[in-house]
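Just query.pdb here, PDB, C-alpha atoms:
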```
ATOM      1  CA  MET A 176       0.000   0.000   0.000
ATOM      2  CA  VAL A 177       1.407   3.394  -0.983
ATOM      3  CA  SER A 178       0.916   6.124   1.591
ATOM      4  CA  ALA A 179      -0.418   9.576   0.710
ATOM      5  CA  ARG A 180       2.990  11.013   1.593
ATOM      6  CA  LYS A 181       4.677   8.820  -1.050
ATOM      7  CA  GLU A 182       2.131   9.895  -3.670
ATOM      8  CA  GLU A 183       3.004  13.530  -2.890
ATOM      9  CA  GLY A 184       6.723  12.732  -3.223
ATOM     10  CA  LEU A 185       7.520  13.455   0.428
ATOM     11  CA  ASN A 186       9.962  11.476   2.552
ATOM     12  CA  ASP A 187       9.240  10.059   5.984
ATOM     13  CA  LEU A 188      10.787  11.290   9.228
ATOM     14  CA  CYS A 189      12.006   8.542  11.539
ATOM     15  CA  ILE A 190      13.014   8.750  15.189
ATOM     16  CA  LEU A 191      16.383   7.254  16.040
ATOM     17  CA  ALA A 192      17.451   6.618  19.637
ATOM     18  CA  VAL A 193      21.077   7.598  20.322
ATOM     19  CA  PRO A 194      23.159   8.016  23.497
ATOM     20  CA  ARG A 195      22.242  11.163  25.434
ATOM     21  CA  LYS A 196      24.572  14.171  25.175
ATOM     22  CA  ARG A 197      25.887  12.806  21.851
ATOM     23  CA  GLU A 198      22.886  13.566  19.644
ATOM     24  CA  ARG A 199      24.693  16.230  17.587
ATOM     25  CA  SER A 200      27.635  13.961  16.674
ATOM     26  CA  PHE A 201      25.333  11.073  15.750
ATOM     27  CA  ALA A 202      23.188  13.362  13.582
ATOM     28  CA  LEU A 203      26.313  14.462  11.690
ATOM     29  CA  ARG A 204      27.615  10.880  11.269
ATOM     30  CA  ALA A 205      24.383   9.011  10.497
ATOM     31  CA  LYS A 206      24.021  10.194   6.899
ATOM     32  CA  SER A 207      27.587   9.228   6.034
ATOM     33  CA  LEU A 208      27.176   5.746   7.586
ATOM     34  CA  LEU A 209      23.965   4.911   5.706
ATOM     35  CA  PRO A 210      23.960   7.203   2.641
ATOM     36  CA  ASP A 211      21.614   4.937   0.673
ATOM     37  CA  LEU A 212      18.910   5.027   3.390
ATOM     38  CA  ILE A 213      19.296   8.302   5.300
ATOM     39  CA  LEU A 214      18.636  11.363   3.139
ATOM     40  CA  GLY A 215      19.072  13.861   5.964
ATOM     41  CA  CYS A 216      19.464  13.862   9.708
ATOM     42  CA  THR A 217      18.737  16.593  12.267
ATOM     43  CA  PHE A 218      19.250  17.053  15.963
ATOM     44  CA  PRO A 219      16.102  18.914  17.085
ATOM     45  CA  ARG A 220      16.763  21.680  19.615
ATOM     46  CA  ALA A 221      14.561  24.354  21.152
ATOM     47  CA  GLU A 222      15.251  27.855  22.385
ATOM     48  CA  ARG A 223      13.938  28.255  25.909
ATOM     49  CA  LEU A 224      14.170  30.988  28.483
ATOM     50  CA  HIS A 225      16.187  30.163  31.626
ATOM     51  CA  ARG A 226      16.612  32.384  34.633
ATOM     52  CA  ARG A 227      20.247  32.800  35.712
ATOM     53  CA  HIS A 228      21.378  35.260  38.369
ATOM     54  CA  GLY A 229      18.084  37.153  38.181
ATOM     55  CA  ALA A 230      18.102  37.608  34.401
ATOM     56  CA  TRP A 231      16.223  35.675  31.725
ATOM     57  CA  LEU A 232      18.559  34.205  29.072
ATOM     58  CA  ILE A 233      17.774  32.320  25.879
ATOM     59  CA  ALA A 234      19.415  28.884  25.889
ATOM     60  CA  GLU A 235      19.224  25.929  23.515
ATOM     61  CA  SER A 236      18.212  22.539  24.857
ATOM     62  CA  PRO A 237      17.412  19.233  23.128
ATOM     63  CA  LEU A 238      13.810  19.004  21.974
ATOM     64  CA  PHE A 239      13.878  15.209  22.452
ATOM     65  CA  PRO A 240      16.853  14.228  24.662
ATOM     66  CA  GLY A 241      18.434  11.028  23.371
ATOM     67  CA  TYR A 242      16.739  11.132  19.953
ATOM     68  CA  ILE A 243      17.440  12.478  16.465
ATOM     69  CA  LEU A 244      15.228  12.711  13.360
ATOM     70  CA  ALA A 245      16.252  11.012  10.127
ATOM     71  CA  GLU A 246      14.661  11.621   6.737
ATOM     72  CA  THR A 247      14.319   8.460   4.683
ATOM     73  CA  GLY A 248      12.585   7.186   1.584
ATOM     74  CA  CYS A 249      12.007   3.696   3.019
ATOM     75  CA  VAL A 250      11.169   3.325   6.707
ATOM     76  CA  GLU A 251      11.207  -0.494   6.690
ATOM     77  CA  ALA A 252      14.678  -0.694   5.108
ATOM     78  CA  LEU A 253      16.104   1.802   7.607
ATOM     79  CA  ALA A 254      14.574  -0.084  10.541
ATOM     80  CA  ALA A 255      16.003  -3.377   9.257
ATOM     81  CA  ALA A 256      19.461  -1.872   8.741
ATOM     82  CA  LEU A 257      19.533  -0.451  12.262
ATOM     83  CA  ARG A 258      18.355  -3.770  13.768
ATOM     84  CA  THR A 259      21.410  -5.467  12.237
ATOM     85  CA  GLY A 260      23.670  -3.023  14.073
ATOM     86  CA  ARG A 261      25.133  -1.177  11.075
ATOM     87  CA  ILE A 262      25.457   1.918  13.286
ATOM     88  CA  PRO A 263      26.558   0.931  16.797
ATOM     89  CA  GLY A 264      24.616   2.693  19.556
ATOM     90  CA  VAL A 265      21.703   3.731  17.300
ATOM     91  CA  ARG A 266      18.326   2.012  17.284
ATOM     92  CA  PHE A 267      15.108   2.618  15.363
ATOM     93  CA  ALA A 268      12.429   4.130  17.651
ATOM     94  CA  GLY A 269       9.589   4.694  15.174
ATOM     95  CA  SER A 270       8.369   7.067  12.511
ATOM     96  CA  LEU A 271       6.313  10.244  12.715
ATOM     97  CA  SER A 272       2.664  10.377  11.683
ATOM     98  CA  SER A 273       1.651  12.864   9.016
ATOM     99  CA  GLY A 274       0.375  15.333  11.676
ATOM    100  CA  GLU A 275       3.596  15.022  13.683
ATOM    101  CA  HIS A 276       5.665  15.460  10.522
ATOM    102  CA  ALA A 277       3.675  18.556   9.539
ATOM    103  CA  LEU A 278       4.155  20.039  13.022
ATOM    104  CA  MET A 279       7.915  19.439  12.999
ATOM    105  CA  GLU A 280       8.272  20.940   9.514
ATOM    106  CA  SER A 281       6.253  24.004  10.487
ATOM    107  CA  ILE A 282       8.068  24.840  13.736
ATOM    108  CA  MET A 283      11.629  23.650  12.997
ATOM    109  CA  GLU A 284      14.211  25.540  10.974
ATOM    110  CA  PRO A 285      16.269  23.502   8.460
ATOM    111  CA  ASP A 286      19.093  23.091  10.995
ATOM    112  CA  GLY A 287      16.683  21.612  13.572
ATOM    113  CA  LEU A 288      16.255  24.666  15.806
ATOM    114  CA  VAL A 289      12.826  25.651  17.164
ATOM    115  CA  ARG A 290      12.938  29.359  17.954
ATOM    116  CA  LEU A 291      11.314  30.967  20.981
ATOM    117  CA  SER A 292       7.785  32.273  20.387
ATOM    118  CA  ARG A 293       6.296  35.387  21.965
ATOM    119  CA  GLY A 294       2.645  36.137  22.460
ATOM    120  CA  ARG A 295      -0.076  37.319  24.770
ATOM    121  CA  ILE A 296      -3.293  36.020  26.251
ATOM    122  CA  VAL A 297      -6.378  38.090  25.490
ATOM    123  CA  HIS A 298      -9.738  37.019  26.953
ATOM    124  CA  ASP A 299      -8.378  33.531  27.769
ATOM    125  CA  ARG A 300      -7.178  33.016  24.182
ATOM    126  CA  LEU A 301      -3.529  32.741  23.143
ATOM    127  CA  LEU A 302      -2.321  35.075  20.383
ATOM    128  CA  VAL A 303       1.245  34.427  19.208
ATOM    129  CA  HIS A 304       2.739  37.423  17.418
ATOM    130  CA  ALA A 305       6.314  36.203  16.875
ATOM    131  CA  GLY A 306       7.935  32.811  16.405
ATOM    132  CA  PRO A 307       7.079  29.417  14.938
ATOM    133  CA  LEU A 308       3.866  28.996  16.985
ATOM    134  CA  SER A 309       2.267  31.903  15.118
ATOM    135  CA  GLY A 310      -0.821  30.437  13.472
ATOM    136  CA  LEU A 311      -0.663  27.251  15.563
ATOM    137  CA  GLU A 312      -2.408  28.677  18.636
ATOM    138  CA  ASP A 313      -5.184  26.067  18.442
ATOM    139  CA  ASN A 314      -2.603  23.281  18.767
ATOM    140  CA  VAL A 315      -1.286  24.524  22.121
ATOM    141  CA  LEU A 316      -2.468  22.104  24.802
ATOM    142  CA  ARG A 317      -0.955  23.750  27.875
ATOM    143  CA  ILE A 318       1.005  26.891  28.756
ATOM    144  CA  ASP A 319       3.377  27.117  31.714
ATOM    145  CA  ARG A 320       3.902  30.835  32.239
ATOM    146  CA  HIS A 321       6.445  30.290  35.037
ATOM    147  CA  LYS A 322       8.720  28.033  32.967
ATOM    148  CA  ARG A 323       7.794  29.959  29.805
ATOM    149  CA  THR A 324       6.963  26.869  27.795
ATOM    150  CA  ALA A 325       4.032  25.519  25.790
ATOM    151  CA  LEU A 326       3.008  21.938  25.083
ATOM    152  CA  VAL A 327       1.984  21.674  21.420
ATOM    153  CA  ALA A 328      -0.039  18.859  19.816
ATOM    154  CA  PRO A 329       0.544  17.696  16.235
ATOM    155  CA  ILE A 330      -1.408  19.414  13.457
ATOM    156  CA  GLY A 331      -4.885  17.928  13.140
ATOM    157  CA  GLU A 332      -4.556  15.944  16.384
ATOM    158  CA  ARG A 333      -5.330  16.960  19.975
ATOM    159  CA  GLY A 334      -3.638  14.292  22.053
ATOM    160  CA  GLY A 335      -2.714  10.652  22.309
ATOM    161  CA  SER A 336       0.393  11.122  20.195
ATOM    162  CA  MET A 337       3.694  12.957  20.417
ATOM    163  CA  SER A 338       3.430  16.432  21.922
ATOM    164  CA  VAL A 339       6.316  18.905  21.796
ATOM    165  CA  LEU A 340       7.448  21.210  24.610
ATOM    166  CA  VAL A 341       8.678  24.500  23.096
ATOM    167  CA  GLY A 342       9.601  27.933  24.422
ATOM    168  CA  LEU A 343       6.792  30.494  24.666
ATOM    169  CA  GLU A 344       7.005  33.828  26.430
ATOM    170  CA  VAL A 345       3.597  35.247  27.284
ATOM    171  CA  VAL A 346       4.234  38.982  27.538
ATOM    172  CA  THR A 347       0.794  40.107  28.759
ATOM    173  CA  LYS A 348      -2.478  38.636  29.882
ATOM    174  CA  THR A 349      -5.698  40.635  29.791
ATOM    175  CA  HIS A 350      -8.908  39.382  31.374
ATOM    176  CA  SER A 351     -12.380  39.635  30.007
ATOM    177  CA  GLU A 352     -14.730  42.181  31.580
ATOM    178  CA  ALA A 353     -16.848  39.431  33.209
ATOM    179  CA  ALA A 354     -13.762  37.888  34.876
ATOM    180  CA  ARG A 355     -12.713  41.326  36.172
ATOM    181  CA  GLN A 356     -16.131  41.955  37.687
ATOM    182  CA  ALA A 357     -16.214  38.489  39.317
ATOM    183  CA  SER A 358     -12.795  39.014  40.930
ATOM    184  CA  ALA A 359     -13.818  42.469  42.142
ATOM    185  CA  CYS A 360     -16.925  41.049  43.865
ATOM    186  CA  ALA A 361     -14.978  38.303  45.659
TER
END
```

Turn this file's structure into structure tokens for me.
Amino acid sequence: MVSARKEEGLNDLCILAVPRKRERSFALRAKSLLPDLILGCTFPRAERLHRRHGAWLIAESPLFPGYILAETGCVEALAAALRTGRIPGVRFAGSLSSGEHALMESIMEPDGLVRLSRGRIVHDRLLVHAGPLSGLEDNVLRIDRHKRTALVAPIGERGGSMSVLVGLEVVTKTHSEAARQASACA
């Protein structure tokens, strides 16, 4: 059976498990070790805000610690090659669904970096005005304003599959008039 992605001429993204803290080196080496199967390999990272010595700094951290994404034309062949141990220390962990693939392509830059998004909450609704989450507000499942992160569901899906934790700075939050009146009466 030919998938819709193959009919469109798109390649699949596979998840490869690698040793932690060595994701970058494995992403650089994987394509050269299996050039016939791996078309491209990225180490997904996210910009997040961290508080150090009273100041908020932008720092990069792994999006999926211990995992890299590999682009391939044949998922089954790549899985079989990794099961035989052609790349020591790397194992096949699965492939992304079409919604997960669309989400990763929309938020990730070509080098694998997910930039920090900035937005505001108006009347209990998120509005992102800068960053890769702009236009994907409906996919945000949860916002942690203290850690300045957002949990994002794949496009077209609301849960039960891979969710991504990305950086989101909510600059302001304005309440609706009814919420203001209720808090004033309490």

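CA of Pro329 (chain A) is found 5.4 Å from CA of Leu278 (chain A).
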
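Here CA of Ile296 (chain A) is placed at a distance of 25.6 Å from CA of Gly274 (chain A).
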
>> (-2.5, 21.3, 20.5) in this file's frame - what residues fall within 6 Å of it? Use all atoms listed in the file and give the answer as a PyMOL selection string.
In response: chain A and resi 313-316+327-328+333

> Which residue, A:Gly306, A:Arg204, A:Arg223, A:Ser272, has the smallest gap to Ile190 (chain A) when you use only C-alpha atoms?
Replying inline: A:Ser272

> Can you list what the PyMOL selection byres ((chain A and resi 323-326) around 12) grabs from this structure, as a PyMOL selection string?
Replying inline: chain A and resi 221-226+231-233+238+290-295+301+303+307-308+311-322+327-329+333-334+337-346

>> As a check of understanding, name the residues that the PyMOL selection byres ((chain A and resi 219) around 6) selects in the supplied structure, as number ranges by chain.
In response: A: 217-218, 220, 238, 287-288

> For the atom pair CA of Ala254 (chain A) and CA of Asp211 (chain A), what is the interatomic distance in Å to one decimal place?
Replying inline: 13.1 Å

Given the file shown, enumerate the residues that the PyMOL selection byres ((chain A and resi 189) around 6) captures and present them as a PDB file with C-alpha atoms, in the coordinates of the input.
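This went into expr_6.pdb:
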```pdb
ATOM      1  CA  LEU A 188      10.787  11.290   9.228  1.00  0.00           C
ATOM      2  CA  ILE A 190      13.014   8.750  15.189  1.00  0.00           C
ATOM      3  CA  LEU A 244      15.228  12.711  13.360  1.00  0.00           C
ATOM      4  CA  ALA A 245      16.252  11.012  10.127  1.00  0.00           C
ATOM      5  CA  GLY A 269       9.589   4.694  15.174  1.00  0.00           C
ATOM      6  CA  SER A 270       8.369   7.067  12.511  1.00  0.00           C
TER       7      SER A 270
END
```

Need the axis-aligned box for region 284-287 of chain A with 8 Å each side, so what are the centre and edges in Å to one decimal, as AutoDock Vina command-line options?
```
--center_x 16.7 --center_y 23.6 --center_z 11.0 --size_x 20.9 --size_y 19.9 --size_z 21.1
```

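Ranking A:Arg266, A:His304, A:Gly310, A:Ile330 by their shortest atom-to-atom distance to Ile243 (chain A), with all atoms listed in the file included, puts A:Arg266 first.
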
> Looking at only C-alpha atoms, which of A:Ala205, A:Ala255, A:Cys216, A:Ile282 is the one that sits closest to Ser309 (chain A)?
Replying inline: A:Ile282

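Residues in contact range of Ala252 (chain A), defined as at most 12 Å between only C-alpha atoms, with sequence neighbours fewer than 3 positions away removed, read Cys189, Leu209, Asp211, Leu212, Ile213, Thr247, Gly248, Cys249, Ala255, Ala256, Leu257, Arg258, Thr259 and Phe267 of chain A.
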
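Each of A:Pro237, A:Val265, A:Val250, A:Gly229 was compared to Leu191 (chain A) using only C-alpha atoms, and A:Val265 turns out to be the nearest.
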
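Shortest atom-to-atom contact with Ser207 (chain A) among A:Asp286, A:Arg261, A:Ala277, A:Arg300: A:Arg261, counting only C-alpha atoms.
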
I need region 292-353 of chain A from the structure I supplied, saved as an mmCIF file, in the first residue's frame with C-alpha atoms retained.
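Okay, out-v9.cif is ready:
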```
data_model
loop_
_atom_site.group_PDB
_atom_site.id
_atom_site.type_symbol
_atom_site.label_atom_id
_atom_site.label_comp_id
_atom_site.auth_asym_id
_atom_site.auth_seq_id
_atom_site.Cartn_x
_atom_site.Cartn_y
_atom_site.Cartn_z
ATOM 1 C CA SER A 292 7.785 32.273 20.387
ATOM 2 C CA ARG A 293 6.296 35.387 21.965
ATOM 3 C CA GLY A 294 2.645 36.137 22.460
ATOM 4 C CA ARG A 295 -0.076 37.319 24.770
ATOM 5 C CA ILE A 296 -3.293 36.020 26.251
ATOM 6 C CA VAL A 297 -6.378 38.090 25.490
ATOM 7 C CA HIS A 298 -9.738 37.019 26.953
ATOM 8 C CA ASP A 299 -8.378 33.531 27.769
ATOM 9 C CA ARG A 300 -7.178 33.016 24.182
ATOM 10 C CA LEU A 301 -3.529 32.741 23.143
ATOM 11 C CA LEU A 302 -2.321 35.075 20.383
ATOM 12 C CA VAL A 303 1.245 34.427 19.208
ATOM 13 C CA HIS A 304 2.739 37.423 17.418
ATOM 14 C CA ALA A 305 6.314 36.203 16.875
ATOM 15 C CA GLY A 306 7.935 32.811 16.405
ATOM 16 C CA PRO A 307 7.079 29.417 14.938
ATOM 17 C CA LEU A 308 3.866 28.996 16.985
ATOM 18 C CA SER A 309 2.267 31.903 15.118
ATOM 19 C CA GLY A 310 -0.821 30.437 13.472
ATOM 20 C CA LEU A 311 -0.663 27.251 15.563
ATOM 21 C CA GLU A 312 -2.408 28.677 18.636
ATOM 22 C CA ASP A 313 -5.184 26.067 18.442
ATOM 23 C CA ASN A 314 -2.603 23.281 18.767
ATOM 24 C CA VAL A 315 -1.286 24.524 22.121
ATOM 25 C CA LEU A 316 -2.468 22.104 24.802
ATOM 26 C CA ARG A 317 -0.955 23.750 27.875
ATOM 27 C CA ILE A 318 1.005 26.891 28.756
ATOM 28 C CA ASP A 319 3.377 27.117 31.714
ATOM 29 C CA ARG A 320 3.902 30.835 32.239
ATOM 30 C CA HIS A 321 6.445 30.290 35.037
ATOM 31 C CA LYS A 322 8.720 28.033 32.967
ATOM 32 C CA ARG A 323 7.794 29.959 29.805
ATOM 33 C CA THR A 324 6.963 26.869 27.795
ATOM 34 C CA ALA A 325 4.032 25.519 25.790
ATOM 35 C CA LEU A 326 3.008 21.938 25.083
ATOM 36 C CA VAL A 327 1.984 21.674 21.420
ATOM 37 C CA ALA A 328 -0.039 18.859 19.816
ATOM 38 C CA PRO A 329 0.544 17.696 16.235
ATOM 39 C CA ILE A 330 -1.408 19.414 13.457
ATOM 40 C CA GLY A 331 -4.885 17.928 13.140
ATOM 41 C CA GLU A 332 -4.556 15.944 16.384
ATOM 42 C CA ARG A 333 -5.330 16.960 19.975
ATOM 43 C CA GLY A 334 -3.638 14.292 22.053
ATOM 44 C CA GLY A 335 -2.714 10.652 22.309
ATOM 45 C CA SER A 336 0.393 11.122 20.195
ATOM 46 C CA MET A 337 3.694 12.957 20.417
ATOM 47 C CA SER A 338 3.430 16.432 21.922
ATOM 48 C CA VAL A 339 6.316 18.905 21.796
ATOM 49 C CA LEU A 340 7.448 21.210 24.610
ATOM 50 C CA VAL A 341 8.678 24.500 23.096
ATOM 51 C CA GLY A 342 9.601 27.933 24.422
ATOM 52 C CA LEU A 343 6.792 30.494 24.666
ATOM 53 C CA GLU A 344 7.005 33.828 26.430
ATOM 54 C CA VAL A 345 3.597 35.247 27.284
ATOM 55 C CA VAL A 346 4.234 38.982 27.538
ATOM 56 C CA THR A 347 0.794 40.107 28.759
ATOM 57 C CA LYS A 348 -2.478 38.636 29.882
ATOM 58 C CA THR A 349 -5.698 40.635 29.791
ATOM 59 C CA HIS A 350 -8.908 39.382 31.374
ATOM 60 C CA SER A 351 -12.380 39.635 30.007
ATOM 61 C CA GLU A 352 -14.730 42.181 31.580
ATOM 62 C CA ALA A 353 -16.848 39.431 33.209
#
```
